[in-house]
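Asks: My structure is in input.txt, and what it holds is compact mmCIF, C-alpha atoms:
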# COMPACT_ATOMS: atom_id res chain seq x y z
CA MET G 536 19.42 54.51 112.96
CA PRO G 537 19.57 50.73 113.55
CA THR G 538 16.94 49.14 115.75
CA VAL G 539 17.87 49.94 119.34
CA GLU G 540 16.26 49.38 122.68
CA SER G 541 17.88 52.26 124.55
CA LEU G 542 19.36 55.71 124.02
CA SER G 543 21.64 57.72 126.24
CA LEU G 544 20.35 61.13 127.26
CA LYS G 545 23.03 62.72 125.08
CA GLN G 546 21.82 60.72 122.06
CA ALA G 547 18.21 61.69 122.75
CA ARG G 548 19.20 65.34 123.01
CA ARG G 549 21.05 65.22 119.70
CA LEU G 550 18.13 63.49 117.99
CA ALA G 551 15.77 66.18 119.28
CA LEU G 552 17.98 69.07 118.18
CA ALA G 553 18.50 67.58 114.72
CA ALA G 554 14.78 66.95 114.27
CA GLN G 555 14.04 70.55 115.20
CA GLY G 556 16.39 71.89 112.54
CA PHE G 557 19.37 72.95 114.67
CA THR G 558 21.87 70.90 112.67
CA LEU G 559 20.90 72.49 109.35
CA ARG G 560 23.48 74.73 107.72
CA ARG G 561 22.33 78.35 107.76
CA PRO G 562 22.02 80.01 104.33
CA ASN G 563 25.21 81.71 103.20
CA GLY G 564 23.33 84.58 101.57
CA ASP G 565 19.83 85.94 102.01
CA VAL G 566 17.20 83.59 103.38
CA GLN G 567 14.95 82.54 100.50
CA ARG G 568 11.40 81.22 100.31
CA ARG G 569 12.72 77.67 99.89
CA HIS G 570 14.60 77.90 103.20
CA VAL G 571 11.47 79.06 105.02
CA ARG G 572 9.30 76.48 103.30
CA GLY G 573 11.65 73.62 104.16
CA LEU G 574 11.80 74.58 107.81
CA LEU G 575 8.03 75.03 108.07
CA GLU G 576 7.51 71.56 106.63
CA ARG G 577 10.02 70.13 109.10
CA LEU G 578 8.46 71.76 112.19
CA GLY G 579 4.86 71.33 111.06
CA VAL G 580 3.50 74.02 113.36
CA LEU G 581 4.29 77.52 114.62
CA GLN G 582 2.45 78.56 117.76
CA ILE G 583 0.89 82.02 117.61
CA ASP G 584 0.91 84.20 120.72
CA SER G 585 -0.25 87.78 121.19
CA VAL G 586 2.55 88.96 123.51
CA ASN G 587 4.69 91.50 121.67
CA ALA G 588 7.31 92.39 124.28
CA LEU G 589 10.00 91.40 121.79
CA VAL G 590 8.29 90.25 118.60
CA ARG G 591 5.24 88.04 118.04
CA SER G 592 6.29 84.52 118.92
CA HIS G 593 5.59 82.89 115.56
CA TYR G 594 8.37 84.94 113.94
CA LEU G 595 11.07 83.73 116.35
CA PRO G 596 11.52 80.01 115.51
CA LEU G 597 12.61 80.84 111.97
CA PHE G 598 15.12 83.41 113.24
CA SER G 599 16.44 80.90 115.79
CA ARG G 600 17.22 78.41 113.02
CA LEU G 601 17.84 80.52 109.90
CA GLY G 602 19.20 83.75 111.33
CA ASN G 603 18.34 87.14 109.88
CA TYR G 604 15.39 86.64 107.53
CA SER G 605 12.68 88.95 106.26
CA PRO G 606 9.47 88.52 108.29
CA THR G 607 7.56 89.22 105.09
CA LEU G 608 8.55 85.72 103.96
CA LEU G 609 6.53 84.25 106.82
CA GLU G 610 3.68 86.71 106.33
CA GLU G 611 3.57 85.85 102.64
CA ALA G 612 3.47 82.13 103.43
CA ALA G 613 0.77 82.63 106.06
CA TRP G 614 -1.57 85.31 104.74
CA SER G 615 -0.89 86.17 101.11
CA ALA G 616 -3.60 85.69 98.53
CA GLY G 617 -1.17 84.45 95.90
CA ARG G 618 0.66 81.30 94.92
CA HIS G 619 3.25 81.69 97.69
CA ARG G 620 0.75 80.88 100.43
CA ARG G 621 1.97 77.78 102.26
CA LEU G 622 0.25 77.95 105.65
CA PHE G 623 -3.18 78.09 107.24
CA GLU G 624 -4.29 79.02 110.73
CA TYR G 625 -6.01 76.52 112.98
CA TRP G 626 -5.90 74.90 116.39
CA GLY G 627 -2.75 72.79 116.03
CA HIS G 628 -0.66 73.32 119.13
CA GLU G 629 -2.92 76.04 120.52
CA ALA G 630 -3.55 78.75 117.88
CA SER G 631 -1.07 77.87 115.17
CA LEU G 632 0.21 78.27 111.65
CA LEU G 633 0.40 74.91 109.89
CA PRO G 634 1.54 73.79 106.40
CA LEU G 635 -1.32 73.45 103.92
CA GLU G 636 -0.45 69.75 103.58
CA LEU G 637 -1.81 69.23 107.09
CA TYR G 638 -5.23 70.73 106.32
CA PRO G 639 -6.80 67.35 105.45
CA LEU G 640 -5.38 65.95 108.72
CA MET G 641 -7.35 68.55 110.70
CA ARG G 642 -10.78 68.02 109.17
CA TRP G 643 -11.76 65.41 111.75
CA ARG G 644 -11.02 67.99 114.44
CA MET G 645 -13.19 70.53 112.62
CA ARG G 646 -16.02 68.03 112.40
CA ARG G 647 -15.73 67.24 116.10
CA ALA G 648 -15.85 70.97 116.87
CA ALA G 649 -19.02 71.32 114.81
CA GLU G 650 -20.50 68.53 116.93
CA GLY G 651 -19.50 70.36 120.11
CA ARG G 652 -16.56 68.10 120.97
CA GLY G 653 -12.97 69.05 121.57
CA ILE G 654 -13.61 72.76 122.09
CA TYR G 655 -14.19 75.00 125.08
CA GLN G 656 -17.47 74.23 126.82
CA GLN G 657 -18.70 77.81 126.55
CA LEU G 658 -18.06 77.82 122.80
CA ALA G 659 -19.73 74.42 122.39
CA ARG G 660 -22.78 75.69 124.28
CA PHE G 661 -22.88 78.78 122.08
CA GLY G 662 -22.82 76.51 119.02
CA ARG G 663 -25.81 74.55 120.32
CA GLU G 664 -27.88 77.51 121.48
CA ARG G 665 -27.08 80.37 119.09
CA GLN G 666 -27.19 79.01 115.58
CA ASP G 667 -29.21 82.09 114.65
CA VAL G 668 -26.21 84.33 115.32
CA ILE G 669 -23.81 81.84 113.75
CA GLN G 670 -25.77 81.66 110.51
CA ARG G 671 -26.16 85.45 110.40
CA VAL G 672 -22.42 85.93 110.82
CA LEU G 673 -21.64 83.22 108.25
CA GLY G 674 -23.98 84.98 105.82
CA ALA G 675 -22.18 88.28 106.38
CA VAL G 676 -18.81 86.66 105.67
CA ARG G 677 -20.20 84.97 102.57
CA GLU G 678 -21.59 88.26 101.22
CA GLN G 679 -18.90 90.73 102.29
CA GLY G 680 -15.64 88.77 102.22
CA ALA G 681 -12.89 88.85 104.81
CA LEU G 682 -14.24 90.32 108.05
CA GLY G 683 -12.92 90.86 111.55
CA ALA G 684 -15.00 90.41 114.69
CA GLY G 685 -14.88 94.15 115.34
CA SER G 686 -16.69 95.00 112.12
CA LEU G 687 -19.58 92.70 113.06
CA ASN G 688 -19.84 93.60 116.73
CA THR G 689 -23.32 94.75 117.74
CA CYS G 690 -22.46 95.03 121.44
CA GLU G 691 -22.52 98.67 122.56
CA GLU G 692 -20.69 98.11 125.84
CA ARG G 693 -16.95 97.65 125.87
CA ALA G 694 -16.01 93.99 126.15
CA GLY G 695 -13.94 92.82 129.08
CA PRO G 696 -11.06 90.34 129.04
CA TRP G 697 -10.98 86.81 127.67
CA TRP G 698 -14.48 85.28 127.47
CA ASP G 699 -16.37 88.60 127.58
CA TRP G 700 -16.75 88.37 123.81
CA SER G 701 -19.55 89.74 121.68
CA ASP G 702 -21.98 87.24 120.15
CA GLU G 703 -20.37 87.88 116.79
CA LYS G 704 -16.92 87.04 118.12
CA HIS G 705 -18.25 83.81 119.62
CA ALA G 706 -19.90 82.97 116.30
CA LEU G 707 -16.70 83.55 114.32
CA GLU G 708 -14.66 81.46 116.75
CA TRP G 709 -17.18 78.63 116.51
CA LEU G 710 -17.17 78.82 112.71
CA PHE G 711 -13.37 78.87 112.71
CA ALA G 712 -13.13 75.80 114.96
CA ALA G 713 -15.72 74.00 112.80
CA GLY G 714 -13.82 74.83 109.61
CA GLU G 715 -16.66 76.89 108.16
CA VAL G 716 -14.38 79.93 107.95
CA THR G 717 -10.63 80.32 107.96
CA VAL G 718 -8.21 83.19 108.47
CA ALA G 719 -7.66 85.12 105.24
CA GLY G 720 -5.23 87.60 106.79
CA ARG G 721 -4.67 89.84 109.76
CA ARG G 722 -5.20 93.52 110.39
CA GLY G 723 -2.61 94.25 113.01
CA PHE G 724 -3.16 91.18 115.16
CA GLU G 725 -6.91 90.92 114.45
CA ARG G 726 -7.97 87.88 112.47
CA LEU G 727 -9.87 88.49 109.22
CA TYR G 728 -12.17 85.56 108.45
CA ASP G 729 -13.36 84.32 105.08
CA LEU G 730 -14.69 81.16 103.48
CA PRO G 731 -12.00 78.47 103.07
CA GLU G 732 -12.73 78.10 99.35
CA ARG G 733 -11.89 81.77 98.82
CA VAL G 734 -8.64 81.57 100.79
CA LEU G 735 -7.03 78.15 100.38
CA PRO G 736 -6.00 76.40 97.14
CA SER G 737 -8.71 74.24 95.59
CA ALA G 738 -6.29 71.30 95.54
CA VAL G 739 -6.30 71.44 99.36
CA ILE G 740 -10.02 72.08 99.81
CA ASP G 741 -11.09 69.36 97.39
CA GLN G 742 -9.21 66.55 99.11
CA SER G 743 -11.44 63.94 100.68
CA GLU G 744 -11.58 63.83 104.46
CA LEU G 745 -9.34 61.15 105.88
CA ASP G 746 -10.55 58.57 108.33
CA GLU G 747 -10.04 59.90 111.88
CA ALA G 748 -7.67 57.11 112.80
CA GLU G 749 -5.51 57.59 109.70
CA ALA G 750 -5.34 61.37 110.18
CA GLN G 751 -4.30 60.90 113.81
CA ARG G 752 -1.64 58.35 112.86
CA ARG G 753 -0.16 60.77 110.35
CA LEU G 754 -0.13 63.57 112.91
CA ILE G 755 1.69 61.37 115.41
CA LEU G 756 4.24 60.42 112.75
CA HIS G 757 4.75 64.10 111.98
CA SER G 758 5.21 64.74 115.69
CA ALA G 759 7.81 61.97 115.87
CA GLN G 760 9.64 63.42 112.88
CA ALA G 761 9.63 66.91 114.42
CA LEU G 762 10.62 65.82 117.93
CA GLY G 763 13.20 63.15 117.12
CA VAL G 764 12.47 61.07 120.19
CA ALA G 765 9.49 61.52 122.49
CA THR G 766 7.13 59.88 124.95
CA GLU G 767 3.48 59.28 124.14
CA LYS G 768 2.58 62.45 126.06
CA ASP G 769 5.17 64.45 124.11
CA LEU G 770 3.85 63.12 120.79
CA ARG G 771 0.23 63.89 121.55
CA ASP G 772 1.04 67.34 122.89
CA TYR G 773 2.61 68.45 119.60
CA PHE G 774 -0.80 68.63 117.89
CA ARG G 775 -2.84 68.46 121.09
CA LEU G 776 -4.42 65.07 120.49
CA ASP G 777 -6.70 63.46 123.06
CA PRO G 778 -4.95 60.84 125.24
CA ALA G 779 -7.51 58.15 124.34
CA ASP G 780 -6.92 58.68 120.61
CA SER G 781 -3.16 59.04 120.93
CA LYS G 782 -2.57 55.85 122.90
CA VAL G 783 -4.51 53.70 120.46
CA ARG G 784 -2.89 55.25 117.37
CA LEU G 785 0.57 54.97 118.87
CA ALA G 786 0.10 51.29 119.63
CA GLU G 787 -0.97 50.77 116.01
CA LEU G 788 2.10 52.58 114.68
CA VAL G 789 4.44 50.52 116.87
CA GLU G 790 2.67 47.30 115.87
CA GLU G 791 3.10 48.04 112.15
CA GLY G 792 6.75 49.07 112.66
CA ALA G 793 6.33 52.74 111.73
CA LEU G 794 7.68 53.78 115.15
CA LEU G 795 10.25 52.14 117.42
CA SER G 796 9.84 51.92 121.16
CA VAL G 797 13.04 52.85 123.02
CA GLN G 798 14.13 53.57 126.56
CA VAL G 799 15.90 56.88 127.14
CA GLN G 800 18.36 57.14 130.00
CA GLY G 801 16.63 58.69 133.01
CA TRP G 802 13.13 58.77 131.46
CA GLN G 803 10.47 56.83 133.33
CA ALA G 804 8.06 56.50 130.41
CA PRO G 805 8.96 54.66 127.20
CA ALA G 806 9.91 56.80 124.22
CA TYR G 807 9.39 56.45 120.49
CA CYS G 808 11.30 57.41 117.36
CA LEU G 809 11.34 56.78 113.62
CA GLY G 810 13.32 53.77 112.50
CA ASP G 811 15.43 55.73 110.01
CA SER G 812 16.53 58.42 112.48
CA VAL G 813 20.20 59.41 112.35
CA ILE G 814 21.91 60.50 115.57
CA PRO G 815 24.44 63.30 114.96
CA ARG G 816 27.89 62.83 116.46
CA LYS G 817 27.60 66.32 117.91
CA VAL G 818 25.46 69.43 117.58
CA ARG G 819 26.92 72.90 117.21
CA ALA G 820 24.18 75.46 117.58
CA SER G 821 23.62 78.91 119.02
CA ALA G 822 20.09 80.30 119.32
CA LEU G 823 17.73 82.36 121.45
CA LEU G 824 14.42 80.50 121.69
CA SER G 825 10.88 81.79 121.90
CA PRO G 826 9.04 80.68 125.05
CA PHE G 827 6.65 79.01 122.59
CA ASP G 828 9.30 77.33 120.43
CA SER G 829 8.46 73.71 119.69
CA LEU G 830 11.81 72.61 121.14
CA VAL G 831 10.80 73.80 124.62
CA TRP G 832 7.03 74.32 124.72
CA GLU G 833 6.42 71.00 126.51
CA ARG G 834 8.05 72.00 129.80
CA ALA G 835 8.32 68.50 131.28
CA ARG G 836 10.13 67.26 128.17
CA THR G 837 12.44 70.29 128.27
CA GLU G 838 13.38 69.35 131.82
CA ARG G 839 13.93 65.70 130.90
CA LEU G 840 16.07 66.54 127.88
CA PHE G 841 18.09 69.49 129.14
CA ASP G 842 17.73 69.49 132.94
CA PHE G 843 16.24 72.95 132.43
CA ARG G 844 13.17 73.90 134.45
CA TYR G 845 11.34 76.54 132.46
CA ARG G 846 8.20 78.44 133.38
CA LEU G 847 6.78 81.55 131.73
CA GLU G 848 6.40 84.34 134.30
CA ILE G 849 4.34 86.82 132.26
CA TYR G 850 1.33 86.27 134.50
CA THR G 851 3.36 86.08 137.71
CA PRO G 852 3.32 89.26 139.85
CA GLN G 853 6.56 91.14 139.33
CA HIS G 854 7.80 90.72 142.89
CA LYS G 855 7.40 86.94 142.60
CA ARG G 856 9.26 86.51 139.32
CA ILE G 857 12.53 84.61 139.45
CA TYR G 858 13.92 85.27 135.99
CA GLY G 859 11.78 87.98 134.37
CA TYR G 860 8.77 88.85 132.24
CA TYR G 861 9.71 87.55 128.78
CA VAL G 862 12.58 85.12 129.16
CA LEU G 863 14.20 83.35 126.23
CA PRO G 864 16.28 80.19 126.78
CA PHE G 865 19.72 80.36 125.15
CA LEU G 866 20.71 77.21 123.32
CA PHE G 867 24.45 76.71 122.99
CA ASP G 868 25.60 73.51 121.31
CA GLU G 869 23.72 70.73 123.11
CA ARG G 870 22.69 72.61 126.25
CA LEU G 871 20.25 75.27 127.34
CA ALA G 872 23.03 77.29 128.92
CA ALA G 873 21.32 80.51 130.02
CA ARG G 874 18.08 82.45 130.03
CA VAL G 875 17.70 86.07 128.97
CA ASP G 876 14.88 88.50 129.81
CA LEU G 877 14.53 90.64 126.67
CA ARG G 878 12.45 93.57 125.55
CA ALA G 879 12.38 95.49 122.27
CA GLU G 880 12.18 99.22 123.00
CA ARG G 881 11.39 100.34 119.48
CA ALA G 882 10.96 104.04 120.22
CA ALA G 883 14.47 104.11 121.73
CA GLY G 884 15.89 101.87 119.00
CA GLN G 885 17.29 99.31 121.39
CA LEU G 886 17.08 95.68 122.41
CA VAL G 887 17.17 95.66 126.19
CA VAL G 888 18.59 92.83 128.27
CA HIS G 889 16.83 93.18 131.63
CA ALA G 890 18.40 90.07 133.09
CA VAL G 891 20.67 87.22 132.11
CA HIS G 892 20.95 84.07 134.22
CA GLU G 893 23.47 81.37 133.43
CA GLU G 894 22.70 77.75 134.26
CA ALA G 895 24.80 75.75 136.74
CA LYS G 896 27.48 74.81 134.19
CA GLY G 897 27.36 78.20 132.49
CA PRO G 898 27.79 78.85 128.75
CA GLY G 899 31.60 78.96 128.97
CA GLU G 900 33.66 81.66 127.29
CA GLU G 901 32.73 80.52 123.81
CA GLY G 902 29.08 80.47 124.81
CA TRP G 903 29.14 84.01 126.19
CA VAL G 904 30.67 85.25 122.94
CA ALA G 905 27.97 83.39 121.00
CA LEU G 906 25.23 84.91 123.16
CA ALA G 907 26.56 88.43 122.55
CA GLN G 908 26.58 87.70 118.82
CA GLN G 909 23.02 86.36 118.95
CA LEU G 910 21.85 89.53 120.67
CA ARG G 911 23.54 91.70 118.05
CA GLU G 912 21.94 89.67 115.27
CA MET G 913 18.53 89.85 116.90
CA ALA G 914 18.76 93.61 117.30
CA GLY G 915 19.68 93.95 113.63
CA TRP G 916 16.87 91.63 112.59
CA LEU G 917 14.37 93.72 114.57
CA GLY G 918 15.70 96.95 113.08
CA LEU G 919 17.09 98.15 116.41
CA GLU G 920 20.32 100.12 116.58
CA ARG G 921 21.92 98.69 119.70
CA VAL G 922 21.76 96.24 122.58
CA ALA G 923 21.45 97.76 126.06
CA VAL G 924 22.21 95.66 129.14
CA ASN G 925 20.33 96.69 132.28
CA CYS G 926 21.35 93.61 134.27
CA ARG G 927 23.83 94.41 137.06
CA ARG G 928 24.51 90.80 137.94
CA PRO G 929 28.04 89.53 137.11
CA SER G 930 26.64 87.71 134.08
CA GLY G 931 25.11 90.95 132.83
CA VAL G 932 28.34 92.87 133.32
CA ARG G 933 30.24 90.15 131.45
CA LEU G 934 27.79 90.31 128.59
CA GLN G 935 28.00 94.10 128.45
CA VAL G 936 31.78 93.93 128.15
CA LEU G 937 31.52 91.49 125.26
CA LEU G 938 28.93 93.62 123.50
CA ALA G 939 31.02 96.75 123.95
CA GLY G 940 34.04 94.98 122.54
CA GLY G 941 32.23 94.11 119.31
Could you show the structure in this file as structure tokens?
Replies:
Amino acid sequence: MPTVESLSLKQARRLALAAQGFTLRRPNGDVQRRHVRGLLERLGVLQIDSVNALVRSHYLPLFSRLGNYSPTLLEEAAWSAGRHRRLFEYWGHEASLLPLELYPLMRWRMRRAAEGRGIYQQLARFGRERQDVIQRVLGAVREQGALGAGSLNTCEERAGPWWDWSDEKHALEWLFAAGEVTVAGRRGFERLYDLPERVLPSAVIDQSELDEAEAQRRLILHSAQALGVATEKDLRDYFRLDPADSKVRLAELVEEGALLSVQVQGWQAPAYCLGDSVIPRKVRASALLSPFDSLVWERARTERLFDFRYRLEIYTPQHKRIYGYYVLPFLFDERLAARVDLRAERAAGQLVVHAVHEEAKGPGEEGWVALAQQLREMAGWLGLERVAVNCRRPSGVRLQVLLAGG
């Protein structure tokens, strides 16, 4: 892309969609490891979330971009003990899976955590006051190998929600944040912790720690590559950098010419992009997006780019919900054209559409057909026999007709 001072909103949207992998040609045959690896390197981070109303969130971004793929490819990349491991777990954008290449860029964050900075106050206090428990738990991991918090728990009373953790759980979380342990695998959804040198390749572990400033600059550049065009707040949010760090690093990158400052139509804050970015002439895409997909996880940016106000209503009382419990935006070409409240009812073998809401412009006939096809593909990917539409709104009836017609 030549040096420019301004972008239309349509150009910004196309840059963002291309950067996020929505202009890539889907594999003609089976999705292979190389397809997964390339996409993981492009995105740089998959957010992990525990909600399993449909499927765990970290599986969805690959389906949205590659179509029907075997989830074992992601599991192998994330938690295998062999040469196919390509990811590690850490605090990237919340709890995340990140490419191994980014491990050296996170060491400064681990060191800060060990010093009690950049982590929850309660966890920092535990790190200062309970090194006896931390060292005991670290010793157990060192001697016994991969362990979950449950196997170390000495608390006899049942723990309550969120921060009502056992001392052992607190210790493991502190060690994880400080980089003293990492996630070797998962048992169900429970993390199994082990020493990094027993989990990650030595070529990754043995790399020298980068200077904080250089690591942060590289993370911002990766954010810019993954977002296409973004404000300072957007860039820092991708890997959850501190504003004070982000603003200084961004100014340095602009000064050295690594990033261009541009004005996007309708955006109040200045935006930034890579100098070699290529704006597609158009984007043809059709995808159901996880609520935690990196295209939409920064809600203010989603609204700026797509005029799509998106809020997760999982924790909203049912009678106050507007769209539903687990709502996926539907991307059609260059618009977020609808939102669909989905649930996987595995015992009944069906993918259930509880509600479908079209946006003001609507998907159009071609978009409705594409949405029906996406739902069929998702059901097949999840091993479900059919799609059931429980929505009685006109949009739901329309979708049901299309699904029935094959």
Asks: Can you tell me, as a PyMOL selection string, which residues sit within 10 Å of (-10.3, 76.0, 101.1) in the file's frame, using only C-alpha atoms?
Replies: chain G and resi 623+635+638+714-717+729-742
Asks: What's around G:Val936 at 12 Å? Count all atoms listed in the file, leave out sequence neighbours fewer than 4 positions away in its own chain, and write the answer as JSON, numbers by chain.
Replies: {"G": [903, 904, 907, 922, 923, 924, 927, 929, 930, 931, 932, 940, 941]}
Asks: Which residues come within 7 Å of stretch 555-558 of chain G, counting all atoms listed in the file, excluding same-chain residues fewer than 6 positions away, as a list in words?
Replies: Leu578, Arg600, Ala761, Leu762, Val818, Ala820 and Leu830 of chain G
Asks: Which residue out of G:Glu629, G:Glu540, G:Glu920, G:Glu787 has the minimum interatomic distance to G:Trp832 when all atoms listed in the file are used?
Replies: G:Glu629
Asks: Any idea what the distance is between atom CA of G:Ile654 and atom CA of G:Arg771?
Replies: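 So the answer is 16.4 Å.
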Asks: Tell me which residues come within 10 Å of (16.3, 91.7, 106.3), as a PyMOL selection string, counting all atoms listed in the file in the file's coordinates.
Replies: chain G and resi 565-566+602-607+915-918
Asks: Could you state the separation of atom CA of G:Leu595 and atom CA of G:Val799 in Å, given to one decimal place?
Replies: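 These two atoms are separated by 29.3 Å.
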Asks: Just the number, please: distance in Å from atom CA of G:Arg878 to atom CA of G:Pro562, one decimal.
Replies: 26.9 Å
Asks: Write out N, CA, C and O atoms for stretch 730-741 of chain G, as a PDB file, in the frame of the given file.
Replies:
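Saved result, out37.pdb, follows:
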ATOM      1  N   LEU G 730     -14.375  82.554 103.786  1.00  0.00           N
ATOM      2  CA  LEU G 730     -14.690  81.160 103.480  1.00  0.00           C
ATOM      3  C   LEU G 730     -13.427  80.442 103.024  1.00  0.00           C
ATOM      4  O   LEU G 730     -12.618  81.001 102.273  1.00  0.00           O
ATOM      5  N   PRO G 731     -13.217  79.201 103.449  1.00  0.00           N
ATOM      6  CA  PRO G 731     -12.000  78.470 103.070  1.00  0.00           C
ATOM      7  C   PRO G 731     -11.786  78.401 101.561  1.00  0.00           C
ATOM      8  O   PRO G 731     -10.650  78.515 101.083  1.00  0.00           O
ATOM      9  N   GLU G 732     -12.879  78.235 100.804  1.00  0.00           N
ATOM     10  CA  GLU G 732     -12.730  78.100  99.350  1.00  0.00           C
ATOM     11  C   GLU G 732     -12.278  79.386  98.680  1.00  0.00           C
ATOM     12  O   GLU G 732     -11.817  79.370  97.530  1.00  0.00           O
ATOM     13  N   ARG G 733     -12.363  80.508  99.388  1.00  0.00           N
ATOM     14  CA  ARG G 733     -11.890  81.770  98.820  1.00  0.00           C
ATOM     15  C   ARG G 733     -10.477  82.102  99.299  1.00  0.00           C
ATOM     16  O   ARG G 733      -9.899  83.105  98.873  1.00  0.00           O
ATOM     17  N   VAL G 734      -9.943  81.284 100.194  1.00  0.00           N
ATOM     18  CA  VAL G 734      -8.640  81.570 100.790  1.00  0.00           C
ATOM     19  C   VAL G 734      -7.607  80.510 100.419  1.00  0.00           C
ATOM     20  O   VAL G 734      -6.475  80.841 100.034  1.00  0.00           O
ATOM     21  N   LEU G 735      -7.975  79.250 100.534  1.00  0.00           N
ATOM     22  CA  LEU G 735      -7.030  78.150 100.380  1.00  0.00           C
ATOM     23  C   LEU G 735      -7.103  77.568  98.968  1.00  0.00           C
ATOM     24  O   LEU G 735      -8.147  77.641  98.316  1.00  0.00           O
ATOM     25  N   PRO G 736      -6.016  76.986  98.491  1.00  0.00           N
ATOM     26  CA  PRO G 736      -6.000  76.400  97.140  1.00  0.00           C
ATOM     27  C   PRO G 736      -7.063  75.309  97.000  1.00  0.00           C
ATOM     28  O   PRO G 736      -7.308  74.533  97.933  1.00  0.00           O
ATOM     29  N   SER G 737      -7.659  75.239  95.823  1.00  0.00           N
ATOM     30  CA  SER G 737      -8.710  74.240  95.590  1.00  0.00           C
ATOM     31  C   SER G 737      -8.162  72.824  95.742  1.00  0.00           C
ATOM     32  O   SER G 737      -8.879  71.912  96.168  1.00  0.00           O
ATOM     33  N   ALA G 738      -6.884  72.639  95.407  1.00  0.00           N
ATOM     34  CA  ALA G 738      -6.290  71.300  95.540  1.00  0.00           C
ATOM     35  C   ALA G 738      -6.295  70.829  96.991  1.00  0.00           C
ATOM     36  O   ALA G 738      -6.344  69.627  97.260  1.00  0.00           O
ATOM     37  N   VAL G 739      -6.248  71.769  97.930  1.00  0.00           N
ATOM     38  CA  VAL G 739      -6.300  71.440  99.360  1.00  0.00           C
ATOM     39  C   VAL G 739      -7.738  71.227  99.798  1.00  0.00           C
ATOM     40  O   VAL G 739      -8.076  70.245 100.471  1.00  0.00           O
ATOM     41  N   ILE G 740      -8.606  72.143  99.404  1.00  0.00           N
ATOM     42  CA  ILE G 740     -10.020  72.080  99.810  1.00  0.00           C
ATOM     43  C   ILE G 740     -10.708  70.836  99.270  1.00  0.00           C
ATOM     44  O   ILE G 740     -11.538  70.224  99.947  1.00  0.00           O
ATOM     45  N   ASP G 741     -10.362  70.449  98.054  1.00  0.00           N
ATOM     46  CA  ASP G 741     -11.090  69.360  97.390  1.00  0.00           C
ATOM     47  C   ASP G 741     -10.660  67.972  97.832  1.00  0.00           C
ATOM     48  O   ASP G 741     -11.274  66.981  97.413  1.00  0.00           O
TER      49      ASP G 741
END
